[in-house]
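Participant: Got a structure for you, entry32.tsv, holding TSV, C-alpha atoms.
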chain	number	residue	atom	x	y	z
A	1	MET	CA	25.40	-4.24	-18.12
A	2	MET	CA	26.51	-6.82	-15.58
A	3	SER	CA	27.28	-10.32	-16.79
A	4	GLY	CA	24.50	-12.84	-16.45
A	5	LEU	CA	21.78	-10.20	-16.56
A	6	ALA	CA	21.16	-10.02	-20.29
A	7	PHE	CA	17.61	-10.57	-21.44
A	8	THR	CA	15.67	-10.43	-24.69
A	9	ALA	CA	12.18	-9.76	-23.38
A	10	PRO	CA	10.85	-7.52	-20.60
A	11	PRO	CA	11.50	-9.60	-17.45
A	12	GLY	CA	8.41	-8.20	-15.76
A	13	GLU	CA	6.30	-10.01	-18.32
A	14	SER	CA	8.20	-13.29	-18.24
A	15	ILE	CA	6.51	-16.43	-16.97
A	16	THR	CA	9.58	-17.07	-14.82
A	17	ASN	CA	9.00	-13.74	-13.07
A	18	GLY	CA	5.36	-14.28	-12.22
A	19	GLY	CA	3.83	-14.06	-15.68
A	20	PRO	CA	0.34	-12.55	-15.91
A	21	PHE	CA	0.01	-12.52	-12.14
A	22	THR	CA	3.00	-10.26	-11.53
A	23	GLY	CA	1.85	-7.08	-9.73
A	24	LYS	CA	0.39	-4.79	-12.39
A	25	LYS	CA	1.33	-1.61	-10.56
A	26	HIS	CA	5.07	-2.17	-10.68
A	27	VAL	CA	5.47	-3.93	-14.03
A	28	PHE	CA	6.33	-2.13	-17.22
A	29	SER	CA	4.64	-2.92	-20.51
A	30	SER	CA	6.10	-4.10	-23.80
A	31	ALA	CA	5.49	-0.64	-25.26
A	32	GLU	CA	7.48	1.03	-22.46
A	33	TYR	CA	10.30	-1.44	-22.91
A	34	SER	CA	10.42	-1.11	-26.70
A	35	SER	CA	10.35	2.69	-26.61
A	36	GLY	CA	13.34	2.86	-24.27
A	37	GLN	CA	11.41	4.08	-21.22
A	38	VAL	CA	12.78	1.14	-19.21
A	39	VAL	CA	16.49	0.68	-18.65
A	40	ARG	CA	18.69	-1.83	-16.84
A	41	ALA	CA	20.35	-0.08	-13.90
A	42	SER	CA	22.93	-2.38	-12.29
A	43	PHE	CA	20.81	-5.36	-11.21
A	44	GLY	CA	17.53	-3.44	-11.06
A	45	ILE	CA	15.01	-2.00	-13.48
A	46	ALA	CA	14.41	1.75	-13.74
A	47	SER	CA	11.47	3.34	-15.50
A	48	ALA	CA	11.27	6.87	-16.87
A	49	LEU	CA	7.57	7.03	-16.03
A	50	ASN	CA	6.58	9.40	-13.26
A	51	TYR	CA	5.53	7.91	-9.92
A	52	ASP	CA	1.97	8.73	-8.85
A	53	LEU	CA	2.16	10.22	-5.37
A	54	MET	CA	-1.62	10.45	-5.13
A	55	ARG	CA	-4.31	8.80	-7.21
A	56	PHE	CA	-7.92	9.84	-7.63
A	57	ALA	CA	-8.98	6.55	-6.05
A	58	ASP	CA	-7.05	7.56	-2.94
A	59	VAL	CA	-8.87	10.90	-2.85
A	60	LEU	CA	-12.25	9.20	-3.25
A	61	LEU	CA	-11.51	6.78	-0.43
A	62	MET	CA	-10.32	9.57	1.86
A	63	ALA	CA	-13.59	11.36	1.13
A	64	ALA	CA	-15.48	8.14	1.85
A	65	GLU	CA	-13.74	7.89	5.23
A	66	CYS	CA	-14.83	11.41	6.07
A	67	GLU	CA	-18.42	10.73	5.05
A	68	VAL	CA	-18.52	7.62	7.24
A	69	GLU	CA	-17.30	9.52	10.28
A	70	VAL	CA	-19.96	12.26	9.88
A	71	GLY	CA	-22.68	9.67	9.29
A	72	SER	CA	-23.22	10.12	5.53
A	73	LEU	CA	-23.08	6.40	4.78
A	74	ASP	CA	-24.81	6.56	1.39
A	75	LYS	CA	-22.37	9.19	0.15
A	76	ALA	CA	-19.46	7.09	1.38
A	77	ARG	CA	-20.87	4.06	-0.45
A	78	GLU	CA	-21.16	6.14	-3.62
A	79	TYR	CA	-17.47	7.05	-3.46
A	80	VAL	CA	-16.42	3.44	-2.83
A	81	ASN	CA	-18.58	2.26	-5.72
A	82	ARG	CA	-16.87	4.73	-8.05
A	83	VAL	CA	-13.56	3.11	-7.16
A	84	ARG	CA	-14.95	-0.39	-7.62
A	85	ALA	CA	-16.53	0.51	-10.97
A	86	ARG	CA	-13.17	1.69	-12.29
A	87	ALA	CA	-11.47	-1.45	-10.99
A	88	ALA	CA	-14.06	-3.70	-12.63
A	89	ALA	CA	-13.57	-1.92	-15.97
A	90	SER	CA	-9.80	-2.44	-16.04
A	91	PRO	CA	-9.08	-6.15	-15.56
A	92	ILE	CA	-5.54	-7.47	-15.72
A	93	LYS	CA	-4.91	-9.25	-19.01
A	94	THR	CA	-2.75	-12.23	-19.86
A	95	ILE	CA	0.60	-11.59	-21.50
A	96	ASP	CA	-0.87	-11.65	-25.01
A	97	GLY	CA	-3.58	-9.20	-23.92
A	98	THR	CA	-6.48	-11.30	-25.18
A	99	THR	CA	-8.15	-12.57	-22.01
A	100	ASN	CA	-8.48	-11.67	-18.36
A	101	ALA	CA	-5.64	-13.12	-16.30
A	102	ALA	CA	-7.87	-13.91	-13.34
A	103	LYS	CA	-11.54	-14.08	-12.46
A	104	TYR	CA	-11.74	-11.29	-9.96
A	105	VAL	CA	-15.27	-10.32	-8.97
A	106	VAL	CA	-15.56	-6.59	-8.34
A	107	ASN	CA	-19.17	-5.55	-7.83
A	108	PRO	CA	-20.66	-2.35	-6.39
A	109	TYR	CA	-22.35	-2.26	-3.01
A	110	THR	CA	-26.02	-2.24	-4.00
A	111	THR	CA	-27.60	-2.21	-0.53
A	112	ALA	CA	-27.19	0.44	2.11
A	113	TRP	CA	-24.64	-0.17	4.84
A	114	ALA	CA	-26.52	-1.06	8.01
A	115	SER	CA	-24.32	0.82	10.44
A	116	GLN	CA	-21.38	3.16	10.73
A	117	ALA	CA	-19.18	0.26	11.90
A	118	ILE	CA	-20.00	-1.79	8.79
A	119	ALA	CA	-19.40	1.24	6.56
A	120	ARG	CA	-16.08	1.94	8.24
A	121	GLN	CA	-15.00	-1.68	7.75
A	122	ALA	CA	-15.97	-1.57	4.06
A	123	VAL	CA	-14.05	1.64	3.37
A	124	ARG	CA	-10.97	0.39	5.19
A	125	PHE	CA	-11.11	-2.87	3.27
A	126	GLU	CA	-11.34	-0.95	0.00
A	127	ARG	CA	-8.25	1.06	0.85
A	128	ARG	CA	-6.39	-2.16	1.59
A	129	ILE	CA	-7.12	-3.76	-1.77
A	130	GLU	CA	-7.23	-0.66	-3.99
A	131	LEU	CA	-4.01	0.88	-2.67
A	132	GLY	CA	-2.15	-2.38	-2.06
A	133	MET	CA	1.63	-2.21	-2.60
A	134	GLU	CA	1.53	1.59	-2.79
A	135	GLY	CA	2.88	2.32	0.68
A	136	HIS	CA	-0.35	3.37	2.41
A	137	ARG	CA	-1.23	0.37	4.56
A	138	PHE	CA	1.04	0.96	7.57
A	139	PHE	CA	0.13	4.63	7.80
A	140	ASP	CA	-3.57	3.84	7.48
A	141	LEU	CA	-3.33	1.35	10.36
A	142	VAL	CA	-1.53	3.91	12.51
A	143	ARG	CA	-4.04	6.63	11.62
A	144	TRP	CA	-6.92	4.35	12.56
A	145	GLY	CA	-5.24	3.39	15.84
A	146	ILE	CA	-5.29	-0.34	15.10
A	147	ALA	CA	-1.71	-0.93	13.96
A	148	ASP	CA	-0.82	-2.97	17.05
A	149	GLN	CA	-3.86	-5.23	16.66
A	150	VAL	CA	-3.41	-5.93	12.95
A	151	ILE	CA	0.38	-6.25	12.93
A	152	ASN	CA	0.65	-8.37	16.09
A	153	ASN	CA	-2.39	-10.58	15.52
A	154	GLU	CA	-2.56	-10.89	11.73
A	155	TYR	CA	0.67	-9.86	10.04
A	156	LEU	CA	3.46	-11.13	12.30
A	157	PRO	CA	2.06	-14.62	13.01
A	158	LYS	CA	2.21	-15.33	9.26
A	159	GLU	CA	5.21	-13.32	8.10
A	160	SER	CA	7.48	-14.33	10.99
A	161	THR	CA	7.37	-17.91	9.72
A	162	ARG	CA	8.18	-16.82	6.19
A	163	ARG	CA	10.91	-14.35	7.11
A	164	SER	CA	12.23	-15.66	10.40
A	165	LEU	CA	15.61	-13.93	10.11
A	166	ALA	CA	14.00	-10.50	9.88
A	167	LEU	CA	10.90	-11.01	12.01
A	168	GLY	CA	11.89	-13.69	14.51
A	169	ASN	CA	13.05	-13.45	18.14
A	170	GLY	CA	9.88	-11.96	19.57
A	171	VAL	CA	9.48	-9.04	17.20
A	172	LYS	CA	6.27	-7.16	17.90
A	173	PHE	CA	4.59	-3.80	17.39
A	174	THR	CA	4.55	-1.72	20.55
A	175	LYS	CA	1.72	0.79	20.72
A	176	ASN	CA	2.79	4.43	21.25
A	177	LYS	CA	6.34	3.53	20.20
A	178	SER	CA	6.46	1.58	16.97
A	179	GLU	CA	4.40	4.15	15.10
A	180	TYR	CA	7.65	6.09	14.74
A	181	GLN	CA	11.28	5.22	14.12
A	182	PRO	CA	14.02	6.46	16.48
A	183	ILE	CA	15.75	9.69	15.53
A	184	PRO	CA	19.46	8.94	14.95
A	185	ASP	CA	21.68	10.09	17.83
A	186	TYR	CA	23.93	12.02	15.46
A	187	ALA	CA	20.92	14.03	14.24
A	188	ILE	CA	20.05	15.01	17.80
A	189	THR	CA	23.69	15.89	18.51
A	190	GLN	CA	23.89	18.04	15.40
A	191	SER	CA	20.69	19.87	16.37
A	192	PHE	CA	22.22	21.59	19.42
A	193	VAL	CA	21.70	25.35	19.60
A	194	ASN	CA	23.12	27.27	22.55
A	195	GLY	CA	23.94	23.98	24.24
A	196	GLN	CA	20.42	22.54	23.93
A	197	PRO	CA	19.12	20.03	21.39
A	198	THR	CA	16.31	21.22	19.12
A	199	LEU	CA	15.37	17.64	18.28
A	200	LYS	CA	13.80	15.36	20.89
A	201	GLN	CA	13.95	11.57	20.69
A	202	ASN	CA	10.66	9.86	19.88
A	203	PRO	CA	8.89	8.18	22.82
A	204	GLY	CA	10.11	4.73	23.81
A	205	TYR	CA	13.64	5.02	22.43
In structure tokens, what does this structure look like?

Facilitator:
Amino acid sequence: MMSGLAFTAPPGESITNGGPFTGKKHVFSSAEYSSGQVVRASFGIASALNYDLMRFADVLLMAAECEVEVGSLDKAREYVNRVRARAAASPIKTIDGTTNAAKYVVNPYTTAWASQAIARQAVRFERRIELGMEGHRFFDLVRWGIADQVINNEYLPKESTRRSLALGNGVKFTKNKSEYQPIPDYAITQSFVNGQPTLKQNPGY
């Protein structure tokens, strides 16, 4: 263990590290800590728990997207409401586990969605909040073809002021380019077969 990093209680549950409002998805519990499932690895925390690559909520919301696009709005609403019902039944508790940490209001959609556009907006919003911090957002925006609009008009204007070193100097999302990262030159060089590269650089790079 590195000096200065000793602790006596799970840091994820410490008031100094966000307390009851620390992200529930990436915070270990007292039981995990006490049973040795959480270890200090250099300056980070490692958990022996498996990482969920796909959750049932993700499957339901993908199905809801499909139903919206084929016009089955009531079926899509049913899938979204199943996700919201589960979320409402599992509130985040305070550190002592006795009360809800926040007063989130998660109610089902009780009236039919008036149009496909409204249904699409509702499903996309649900994916944003249900799958937050799980690595889906960027790929969802790209898949929906609105990454440039959201990133340039909503994300960057806020985040560039908070993280100016990383996002300053005119950083922007360029449609038909920024959806992909450049392939490293060495990878293209190493892909040559019979004098011709088998890898082709992504557009715009």

Participant: Could you give me the axis-aligned bounding box of range 138-149 of chain A, with 5 Å of padding per side, as centre plus edge lengths in Å to one decimal, as AutoDock Vina command-line options?

Facilitator:
--center_x -2.9 --center_y 0.7 --center_z 12.3 --size_x 18.0 --size_y 21.9 --size_z 19.6

Participant: CA of Pro184 in chain A and CA of Pro197 in chain A, how far apart in Å?

Facilitator: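 For CA of Pro197 in chain A relative to CA of Pro184 in chain A, the distance reads 12.8 Å.
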
Participant: In Å, how far is it from CA of Pro203 in chain A to CA of Ser160 in chain A?

Facilitator: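 So the answer is 25.5 Å.
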
Participant: My list of candidates is A:Pro108, A:Gly71, A:Gly97, A:Pro157. Which is closest to Arg120 in chain A when distances are computed with all atoms listed in the file?

Facilitator: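 Checking each of A:Pro108, A:Gly71, A:Gly97, A:Pro157 against Arg120 in chain A, counting all atoms listed in the file, the winner is A:Gly71.
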
Participant: Kindly extract all protein, DNA and RNA residues lying within 7 Å of the coordinates (-2.1, -4.9, 5.5) given in the file, considering all atoms listed in the file, and supply them as number ranges by chain.

Facilitator: A: 128, 137-138

Participant: Applying 12 Å and only C-alpha atoms, which residues near Lys200 in chain A remain after dropping the ones on its own chain fewer than 5 positions away? List them as a compact mmCIF listing (two decimals) with C-alpha atoms, in the frame of the given file.

Facilitator:
# COMPACT_ATOMS: atom_id res chain seq x y z
CA PRO A 182 14.02 6.46 16.48
CA ILE A 183 15.75 9.69 15.53
CA PRO A 184 19.46 8.94 14.95
CA ASP A 185 21.68 10.09 17.83
CA TYR A 186 23.93 12.02 15.46
CA ALA A 187 20.92 14.03 14.24
CA ILE A 188 20.05 15.01 17.80
CA THR A 189 23.69 15.89 18.51
CA GLN A 190 23.89 18.04 15.40
CA SER A 191 20.69 19.87 16.37
CA PHE A 192 22.22 21.59 19.42
CA TYR A 205 13.64 5.02 22.43
